[in-house]
Amino acid sequence: MDVFFDDRVLDHDTGRGFFEAAADWPLAIDEPHPENADRLRNMRTLLRGGPLADRLRWHDGRLAIVEELARVHEPDYVASIERWCAHGGGRITPTTVLSTGSWEPLLAAAGTSLAAADAVLGGASGAALALVRPPGHHAQPAQADGYGVFNHAALVAQRARDAGVARVAVLDWDVHHGNGTQACFADRADVLTVSMHMRHGPWGPSHRQTGAPDEIGEGPGRGFNVNLELPLGTGDAGHLAILHEVAVPVIDRFAPQLLVVAAGQDGSQFDPNGRQAVTMAGYRAFGELAADLADRHTGGRVVVTQEGGYALSYAAACLHATVEGLLETGPLLDDPLAYLPERTDGVDEAIAAVWSALAGTPLAR
Ligand SMILES: [Zn+2]
């Protein structure tokens, strides 16, 4: 697998505070914003130094140009982000922080994702990982959200369409709803978006989408947006059940020519931002499932964008397990942390809700 990385993404400074918020309470210690450079440093170091090291080829990323961002984002929005950074940054949403130096890192995250896409689309790579930050899957055409500003998975999917790939599927297993990617492609049938996430609902003006199964797309895109919404506390078995019972058949029917995976590790049992109980074994199985889908439909072509994952050590371990799965190596790293009891009740109802919402649409059961 080819991994694309650009050191400049580490320069996006989100500061310290009350977790992700701006609350000014009398506490002794301000903690780092959960979306920080250290999380990516750990991911990079574990991939470079762990048992997968010999299987990975590292490549430098690059900066995106504004015209590339404009394939997904409105030009006025892109210009407004550059101005925000130039004028000192600040909170562009209640949880999304920009700093004076953020503009170039944001261009590096987007450009590095496009470099990964181009490597796969051009045939130089079969599977590529864009190891970038901040996450992009909440970013909408003209709205920053959930720590993210530019939508990397959407940029990759659109890049593929622009290169003549007829059908692109985006599979998003970050613990949060991929509302930004949904917003980018809701009215289109050429890009299938499938998001698996915990049931968290909307979280304010930047995130009005609920992530519910009945958000199935609009107009010609009706039936091509699939939301797999799981109860809080669901673990490996529940996530794998809804993937195998809904995501796989839907993607099989869609028959994509490129698979994009928006890979977050914040569904892990130790993530401060999720309420799920996925383990390294679960992420390994997600990766294996994506590899199987790519083998069946895309000749193995898959582009992975790094999304959330905020447990400083365990998210890196879960990314390593994900790549083990994508490369079908079997388990290489043991899970060093104890396992929580997992719940699976409510998953059958979650599966039934998706099929009910999709009834009568082209990918329906
Ligand atoms: Zn997330």
# chains A, B, ... in the order shown; residues from 1 in each chain; ligands from 1
>>> residues_near_ligand(ligand="ligand 1", cutoff="12 Å", atoms="only C-alpha atoms and all ligand atoms", output="VMD selection string")
chain A and resid 34 to 35 133 to 139 145 to 148 172 to 180 195 to 198 200 262 to 268 271 to 276 306 to 311 315
>>> residues_around(residues="segment 246-251 of chain A", least_positions_apart="5", cutoff="10 Å", atoms="only C-alpha atoms", output="VMD selection string")
chain A and resid 168 to 171 192 to 196 223 to 224 226 to 228 240 to 241 256 259 289 to 290 292 to 293 297 351 to 352 354 to 355 362 to 365
>>> atom_distance(atom1="atom CA of Ala130 of chain A", atom2="atom CA of Asn36 of chain A")
16.7 Å
>>> residues_around(residues="Phe19 of chain A", least_positions_apart="5", cutoff="8 Å", atoms="only C-alpha atoms", output="list in words")
Asp30, Glu31, Pro32, His33 and Pro34 of chain A
>>> closest_residue(among="A:Ala53, A:Val303, A:Met280, A:Ala21", to="Leu258 of chain A", atoms="only C-alpha atoms")
A:Val303
>>> closest_residue(among="A:Val165, A:Val302, A:Leu326, A:Ala255", to="Glu288 of chain A", atoms="only C-alpha atoms")
A:Leu326
>>> select_by_dssp(residues="segment 28-241 of chain A", states="alpha helix (DSSP H)", output="count of residues only")
72
>>> residues_around(residues="Phe270 of chain A", least_positions_apart="6", cutoff="12 Å", atoms="only C-alpha atoms", output="PyMOL selection string")
chain A and resi 233+235+276-280+309-318+337-340
